[in-house]
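Shown next, in structure tokens, is the structure this report addresses.
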Amino acid sequence: MRYQERPDAEGELFGGETSSEQDSLVSRAQNLAPGSLEMRELGEAVARRTRSLIAPAPILELESNKAQRDFDLSQHDLRMLCLIVLDVVIDKMGFGTGATRRDLAVAIGPILRTAEPEIVPERETRILELVLQALLNEKSRRQQFVERYAALDEGVVRWREFAYRLLEETQTPEGDERVYRASSEAINLYTEMLGYNLEDAAEADLAVLKYQSQRGRLDDAIQTARQAQIRAKAYAEKVRLALEVARRDADQAKWSSEILPLMEGALQHIKERLRKEGELRAGLEQRRDQAAPADLTKLNRLLDEIDKSERTNLELHNLLITANDKFREEFARQRLRRTATGLRVSLEPEILLRWIGEEVSFARLAAVPALNLLAGHAVPVPPSLEQLWAKLLAPPVTPEPAEANVTLPDTAALASSPPVFKPEDWLGVRDFLRAELRGSRSLSELLVIAGGRGLSSPAKRLFVLLTMEQFGAADARRQFHVRPSGEPFDSSGFAGDDLFVSPPLP
Amino acid sequence: MNHVANAAHDAGRLLGFALRCQNPATSKEYSDLLRRYEDDTMLRDIADGMCSGFGLRIIYSGKHGLIVTATEASPFRLNSDDYKGGMTPDDRILHGIIQVAVAAFSFPRAETLVQDDDVQPAHVTAASLARYLRDFAEAENSKVADSPDHEESEERRVWRAVLAQALTKETAAKRESTRSLTGMCRYALEYLEKHGLMRLVDEQKGIYQGTSAYRIRLKYHGAHALVEQLRIFAAQRLASKGAERTA
């Protein structure tokens, strides 16, 4: 039996073939007629095994390229570190949760320190970063890993593509935290069963677990129970993903034809599994009460793994019994709001490349609408009166000189730009107001007096602007009182509504 | 306040959160309002009506917030001065293509864009974005150069010249300036971060990552609208060429 052979199958972590299996494939292929049932079965088996060989490629590539990195990694096996990361992630996975970066750092830290006792924390972070980048396919901007492989289709060799992910970073539903989750391919890869039916594998796990525990092979049983609980997660992930895709697409027909039967099958599977796990747990709990101290720890560990599996199945059960209502809500919501969600757009080839190959008139036309589409919206803020006055009274803005790739000629530095109003204008206005603003006077009258006192033209302009600023000024900034007179005026080059200006109250 | 006035007040608060691109995970009031938007018909009708009046289109409401986009006539429509003041016409078109590049870098293929809203896209820095854009533009240039039969219109030649000039823009001291391509990319990322569409993963290294709101904006509206924009332009060009031939 495959599960009993595991301890001896070192080096076949990803489901490698034995030579006898390969011989049998060759001899079978030689004797089969194209199109026969056996030929189809052979084609499927070979394709499945080829995918099993392909899936760990990113992990193997990381290890084989480690000498090309700009820091020494010779003391570390990056393959092992990848698998430990996957192990921690899968262990922490449930519905909507996964392993945080801290979880991973805590898990691989001691291993890194054992391999390299003098390692510094920065290097630990860097190695974890490297492993995560490889599993996320960061160098290809987190796209799927894609590999072409030859498959036997009705006895004919055809090329197919195997696209898969290993790890994903997601935002937790509760908050703003980021966690890592393994894809179903990664979980399958980890449990050496890429392409196998998950329900069948789960059934087999339970049978083996029962057999091993009945015969007192507790060490083997712990391994099997751990594998079984990881497969429970893989199965839950597969079902969750199918429900999520259907909910997102809000496709009523697909929901009825594909998802409802899948849900029914899943509920049946979980019910059966919970029953068998319950029986197994009851038997083990009985044995624990009479167990010798040496077996007690092992039994507790075994029960812990079964408990984890039960929890995953219960969570999946809860998800399934509420899924139909959630879909109906989402369907109603999307029917009202979303449009064109069915259209799948590849931004790089369909948008960016076409923009680059377009004409300048398109780029001119499309640039600002693209900003509006991609960079959000504007929130117009009306300027306050105070801001407007500040702008009017401010010295002119010196533009920031653009940098250019030229050597500057030998020139003298320019004098700084003169302000709009010189200090003597400000002093002139101050003295004028101190001298003349003894009671309430109209602006037109004051302007005539200012002309008589020989106030310069900019000083008169400053006086008018300050009067207008004081008209709407907040109490804290008010230096004299200004109120409308209700009369128009036109003198000394100024025109508008006349104002009464009076000194501040004592 | 009566019931309607209360609902209008809450709809206004909800819209305020949406326009500030706040994250519902950081505000209990916002997440409560989002829940009410789903359950309370009056609040939803008023909020929808306000959005419609403001020329805002709701593209998503859920745990990632109320995500809106401004239509042509909306006062909330982003124009080039809102994005960056004092841009030259060339700057405007370069900032436009840089925003397209940020989106394509984060979600290159349909399969990456249609992933769960919670899945976080690739990390991006100003330098990697500039390199990405430069690689594509150079590939396009060599494609044109390698094709002897290629007939290039004046319009296309000008566009390639504008791109080429931008891609090689550096300062005298080889430092990054706001007018260099890397500087413009940095501006784009910072702008998106200020508007809740990117998050700063590592301040020291300048690493950014698109948020769920960014994915949603593209997945449910932006990407389709960009395709439509290209389609309309191609149709107009075809029509004008047809008219030229007829004349």
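Ordering of the structure tokens sets the chain letters (A, B, ...); residue numbers start at 1 within each chain; ligands are numbered from 1 in the order shown.
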
*Within 8 Å of range 304-309 of chain A, counting only C-alpha atoms, which residues qualify if same-chain residues fewer than 5 places away don't, as a list in words?*
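Once the adjacent positions are removed, what remains is Ile222, Ala225, Arg226, Ala228, Gln229, Ile230, Ala232, Lys233, Glu277 and Arg281 of chain A.
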
*Could you give me, as a ChimeraX atom specification, the residues within 10 Å of Pro110 in chain A, counting only C-alpha atoms and dropping anything in the same chain fewer than 6 positions from it?*
/A:116-117,124

For Leu78 in chain B, work out the shell of residues within 12 Å, counting only C-alpha atoms and skipping chain neighbours fewer than 2 positions away, then give it as a short mmCIF file (atom, residue, chain, number, x, y, z; two decimals) with N, CA and C atoms, in the first residue's frame.
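Saved as around21.cif:
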```cif
data_model
loop_
_atom_site.label_atom_id
_atom_site.label_comp_id
_atom_site.auth_asym_id
_atom_site.auth_seq_id
_atom_site.Cartn_x
_atom_site.Cartn_y
_atom_site.Cartn_z
N ALA A 367 -4.86 60.12 -22.13
CA ALA A 367 -4.06 60.22 -20.90
C ALA A 367 -4.89 60.66 -19.69
N VAL A 368 -5.61 61.76 -19.83
CA VAL A 368 -6.34 62.28 -18.66
C VAL A 368 -7.51 61.35 -18.28
N PRO A 369 -8.30 60.84 -19.26
CA PRO A 369 -9.32 59.86 -18.86
C PRO A 369 -8.71 58.64 -18.16
N ALA A 370 -7.50 58.24 -18.60
CA ALA A 370 -6.86 57.09 -17.94
C ALA A 370 -6.51 57.42 -16.50
N LEU A 371 -6.06 58.65 -16.27
CA LEU A 371 -5.76 59.06 -14.89
C LEU A 371 -7.02 58.95 -14.05
N ASN A 372 -8.13 59.42 -14.61
CA ASN A 372 -9.40 59.38 -13.87
C ASN A 372 -9.85 57.95 -13.60
N LEU A 373 -9.60 57.06 -14.57
CA LEU A 373 -10.02 55.66 -14.40
C LEU A 373 -9.15 54.92 -13.39
N LEU A 374 -7.85 55.24 -13.41
CA LEU A 374 -6.91 54.42 -12.65
C LEU A 374 -6.47 55.03 -11.32
N ALA A 375 -6.46 56.35 -11.24
CA ALA A 375 -5.86 56.97 -10.04
C ALA A 375 -6.90 57.53 -9.09
N GLY A 376 -8.16 57.16 -9.24
CA GLY A 376 -9.17 57.61 -8.30
C GLY A 376 -9.85 58.88 -8.75
N HIS A 377 -10.48 59.53 -7.81
CA HIS A 377 -11.26 60.71 -8.16
C HIS A 377 -10.68 61.93 -7.44
N ALA A 378 -11.11 63.12 -7.87
CA ALA A 378 -10.65 64.33 -7.20
C ALA A 378 -11.69 64.71 -6.15
N VAL A 379 -11.24 65.33 -5.09
CA VAL A 379 -12.19 65.87 -4.12
C VAL A 379 -11.99 67.38 -4.14
N PRO A 380 -12.84 68.11 -4.89
CA PRO A 380 -12.62 69.54 -4.99
C PRO A 380 -12.81 70.24 -3.64
N LEU B 56 -21.22 60.16 -9.79
CA LEU B 56 -20.34 59.07 -9.32
C LEU B 56 -21.01 57.74 -9.59
N THR B 69 -16.41 55.71 -8.97
CA THR B 69 -15.59 56.33 -10.01
C THR B 69 -16.39 57.49 -10.60
N ALA B 70 -15.67 58.55 -10.98
CA ALA B 70 -16.35 59.76 -11.45
C ALA B 70 -16.62 59.67 -12.94
N THR B 71 -17.84 60.03 -13.32
CA THR B 71 -18.19 60.02 -14.75
C THR B 71 -17.73 61.34 -15.39
N GLU B 72 -17.95 61.41 -16.69
CA GLU B 72 -17.47 62.55 -17.49
C GLU B 72 -17.86 63.91 -16.89
N ALA B 73 -19.11 64.03 -16.46
CA ALA B 73 -19.61 65.35 -16.05
C ALA B 73 -19.49 65.59 -14.55
N SER B 74 -18.85 64.69 -13.84
CA SER B 74 -18.81 64.80 -12.38
C SER B 74 -17.84 65.87 -11.90
N PRO B 75 -18.21 66.61 -10.84
CA PRO B 75 -17.23 67.55 -10.26
C PRO B 75 -16.07 66.82 -9.59
N PHE B 76 -16.24 65.52 -9.37
CA PHE B 76 -15.17 64.74 -8.73
C PHE B 76 -14.24 64.11 -9.76
N SER B 80 -6.06 66.76 -15.03
CA SER B 80 -4.60 66.68 -14.93
C SER B 80 -4.06 67.57 -13.82
N ASP B 81 -4.70 68.73 -13.57
CA ASP B 81 -4.21 69.61 -12.50
C ASP B 81 -4.45 69.01 -11.12
N ASP B 82 -5.55 68.24 -10.98
CA ASP B 82 -5.78 67.58 -9.69
C ASP B 82 -4.70 66.53 -9.46
N TYR B 83 -4.28 65.90 -10.55
CA TYR B 83 -3.27 64.84 -10.42
C TYR B 83 -1.91 65.45 -10.13
N LYS B 84 -1.53 66.46 -10.93
CA LYS B 84 -0.24 67.13 -10.71
C LYS B 84 -0.32 68.49 -11.39
N GLY B 96 -0.08 59.58 -17.89
CA GLY B 96 -1.18 58.68 -18.27
C GLY B 96 -0.67 57.27 -18.51
N HIS B 195 -4.20 57.94 -2.12
CA HIS B 195 -5.62 57.75 -2.41
C HIS B 195 -6.11 56.34 -2.10
#
```

*asked:* So that I can check the secondary structure, give me every residue of range 176-338 of chain A assigned strand (DSSP E or B) by backbone DSSP, as a list of chain:residue names.
replied: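 Taking range 176-338 of chain A and keeping strand (DSSP E or B) gives A:Arg178, A:Val179, A:Tyr180, A:Arg181, A:Ala182.
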
*May I have the residues within 10 Å of range 422-439 of chain A as a PyMOL selection string, using only C-alpha atoms and disregarding those fewer than 6 positions away in the same chain?*
chain A and resi 446+449-450+453-464+466+480+500-504

Restrict the selected residues to N, CA and C atoms and save them as an mmCIF file, in the first residue's frame.
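File result-v7.cif, as written:
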```cif
data_model
loop_
_atom_site.group_PDB
_atom_site.id
_atom_site.type_symbol
_atom_site.label_atom_id
_atom_site.label_comp_id
_atom_site.auth_asym_id
_atom_site.auth_seq_id
_atom_site.Cartn_x
_atom_site.Cartn_y
_atom_site.Cartn_z
ATOM 1 N N LEU A 446 -10.933 108.624 2.624
ATOM 2 C CA LEU A 446 -9.557 108.293 3.036
ATOM 3 C C LEU A 446 -8.614 108.262 1.829
ATOM 4 N N ILE A 449 -7.652 111.757 1.019
ATOM 5 C CA ILE A 449 -6.669 112.244 2.011
ATOM 6 C C ILE A 449 -5.297 111.632 1.705
ATOM 7 N N ALA A 450 -5.308 110.331 1.382
ATOM 8 C CA ALA A 450 -4.043 109.647 1.082
ATOM 9 C C ALA A 450 -3.348 110.312 -0.098
ATOM 10 N N ARG A 453 -1.737 113.408 1.090
ATOM 11 C CA ARG A 453 -0.526 113.187 1.916
ATOM 12 C C ARG A 453 0.625 112.628 1.081
ATOM 13 N N GLY A 454 0.380 112.443 -0.190
ATOM 14 C CA GLY A 454 1.451 111.995 -1.101
ATOM 15 C C GLY A 454 1.773 110.512 -0.993
ATOM 16 N N LEU A 455 0.743 109.702 -0.570
ATOM 17 C CA LEU A 455 0.965 108.244 -0.497
ATOM 18 C C LEU A 455 1.199 107.695 -1.911
ATOM 19 N N SER A 456 2.181 106.836 -2.077
ATOM 20 C CA SER A 456 2.496 106.311 -3.412
ATOM 21 C C SER A 456 1.328 105.452 -3.939
ATOM 22 N N SER A 457 1.353 105.193 -5.233
ATOM 23 C CA SER A 457 0.273 104.406 -5.834
ATOM 24 C C SER A 457 0.214 102.974 -5.279
ATOM 25 N N PRO A 458 1.411 102.245 -5.168
ATOM 26 C CA PRO A 458 1.331 100.898 -4.571
ATOM 27 C C PRO A 458 0.827 100.935 -3.132
ATOM 28 N N ALA A 459 1.201 102.007 -2.368
ATOM 29 C CA ALA A 459 0.755 102.084 -0.975
ATOM 30 C C ALA A 459 -0.758 102.247 -0.925
ATOM 31 N N LYS A 460 -1.308 103.042 -1.869
ATOM 32 C CA LYS A 460 -2.765 103.222 -1.893
ATOM 33 C C LYS A 460 -3.442 101.878 -2.232
ATOM 34 N N ARG A 461 -2.848 101.158 -3.193
ATOM 35 C CA ARG A 461 -3.402 99.856 -3.573
ATOM 36 C C ARG A 461 -3.369 98.882 -2.381
ATOM 37 N N LEU A 462 -2.268 98.929 -1.638
ATOM 38 C CA LEU A 462 -2.135 98.069 -0.460
ATOM 39 C C LEU A 462 -3.202 98.432 0.580
ATOM 40 N N PHE A 463 -3.415 99.751 0.743
ATOM 41 C CA PHE A 463 -4.420 100.202 1.712
ATOM 42 C C PHE A 463 -5.809 99.652 1.343
ATOM 43 N N VAL A 464 -6.141 99.730 0.037
ATOM 44 C CA VAL A 464 -7.455 99.238 -0.404
ATOM 45 C C VAL A 464 -7.561 97.717 -0.174
ATOM 46 N N LEU A 466 -5.943 95.875 1.990
ATOM 47 C CA LEU A 466 -6.025 95.573 3.429
ATOM 48 C C LEU A 466 -7.425 95.876 3.965
ATOM 49 N N PHE A 480 -9.006 96.670 12.236
ATOM 50 C CA PHE A 480 -9.951 97.796 12.268
ATOM 51 C C PHE A 480 -11.287 97.342 11.682
ATOM 52 N N PHE A 500 -17.256 102.020 5.138
ATOM 53 C CA PHE A 500 -16.907 102.859 6.288
ATOM 54 C C PHE A 500 -15.801 102.146 7.054
ATOM 55 N N VAL A 501 -14.734 102.900 7.315
ATOM 56 C CA VAL A 501 -13.597 102.309 8.032
ATOM 57 C C VAL A 501 -13.494 103.029 9.372
ATOM 58 N N SER A 502 -13.393 102.275 10.455
ATOM 59 C CA SER A 502 -13.269 102.911 11.781
ATOM 60 C C SER A 502 -12.228 102.163 12.610
ATOM 61 N N PRO A 503 -11.590 102.861 13.563
ATOM 62 C CA PRO A 503 -10.545 102.198 14.362
ATOM 63 C C PRO A 503 -11.146 101.088 15.233
ATOM 64 N N PRO A 504 -10.297 100.167 15.695
ATOM 65 C CA PRO A 504 -10.828 99.085 16.525
ATOM 66 C C PRO A 504 -11.375 99.612 17.842
#
```

_Based on only C-alpha atoms, which of the residues in chain A come within 7 Å of chain B? I want them as an MDAnalysis selection string._
chainID A and resid 138 141:143 168:171 175:176 338 341 344:348 351:352 356:364 367:368 370:380 403:405

*By how many Å are CA of Glu285 in chain A and CA of Lys210 in chain A apart?*
13.6 Å

*Which residue, A:Thr100, A:Ser492, A:Asn137, A:Thr312, has the smallest gap to Leu62 in chain A when you use only C-alpha atoms?*
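Closest candidate: A:Asn137.
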
*Name all residues at most 9 Å from Pro58 in chain A (count only C-alpha atoms; drop same-chain ones fewer than 3 positions away) and give them as a PyMOL selection string.*
chain A and resi 54-55+61-63+134-135+137+145

_If we count only C-alpha atoms and set the cut-off at 9 Å, which residues sit around His76 in chain A, ignoring sequence neighbours fewer than 2 positions away in its own chain? Please answer as a list in words._
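Contacts, with the query itself left out: Leu73, Ser74, Leu78, Arg79, Met80, Leu81, Leu112, Ala115 and Glu116 of chain A.
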
Using C-alpha atoms, can you export the residues from the last selection as a compact mmCIF listing (two decimals), in the first residue's frame?
```
# COMPACT_ATOMS: atom_id res chain seq x y z
CA LEU A 73 23.69 30.48 0.98
CA SER A 74 25.84 27.35 0.94
CA LEU A 78 16.42 26.33 0.23
CA ARG A 79 14.25 23.36 -0.82
CA MET A 80 13.85 22.35 2.81
CA LEU A 81 13.07 25.93 3.82
CA LEU A 112 18.49 28.91 10.03
CA ALA A 115 22.53 25.67 9.94
CA GLU A 116 24.46 28.92 10.42
```

*Could you jot down the CA of Thr182 in chain B to CA of Ala130 in chain B separation for me, Å, one decimal place?*
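For CA of Thr182 in chain B relative to CA of Ala130 in chain B, the distance reads 5.4 Å.
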
_One-decimal distance in Å that lies between CA of Phe327 in chain A and CA of Ser52 in chain B_ =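 Interatomic distance, CA of Ser52 in chain B to CA of Phe327 in chain A: 27.0 Å.
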
*Which residue gives the smallest distance to Phe54 in chain B among B:Leu15, B:Thr88, B:Ala8, B:Glu244, with only C-alpha atoms counted?*
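Closest residue, counting only C-alpha atoms: B:Leu15.
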
_Contacts of Leu274 in chain A at 8 Å (only C-alpha atoms; same-chain gap of 4+ positions) as a PyMOL selection string_ = chain A and resi 270+278+310+313

Selected residues written out, C-alpha atoms, as a PDB file, in the first residue's frame:
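Dumped everything to out-v3.pdb:
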```pdb
ATOM      1  CA  ILE A 270     -18.030  15.616   5.367  1.00  0.00           C
ATOM      2  CA  GLY A 278     -15.666  10.592  15.694  1.00  0.00           C
ATOM      3  CA  GLU A 310     -12.581  17.699  12.510  1.00  0.00           C
ATOM      4  CA  ASN A 313     -14.530  19.768   8.297  1.00  0.00           C
TER       5      ASN A 313
END
```

*Nearest to Gln75 in chain A among A:Thr114, A:Thr467, A:Gln133, A:Ser52, with distances taken over only C-alpha atoms: which residue is it?*
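When distances to Gln75 in chain A are compared using only C-alpha atoms, the smallest one comes from A:Thr114.
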
*asked:* DSSP on the backbone, alpha helix (DSSP H) only: what residues of range 41-213 of chain B does that give? Format it as an MDAnalysis selection string.
replied: chainID B and resid 41:53 80:83 89:106 110:113 126:146 154:167 181:194 212:213
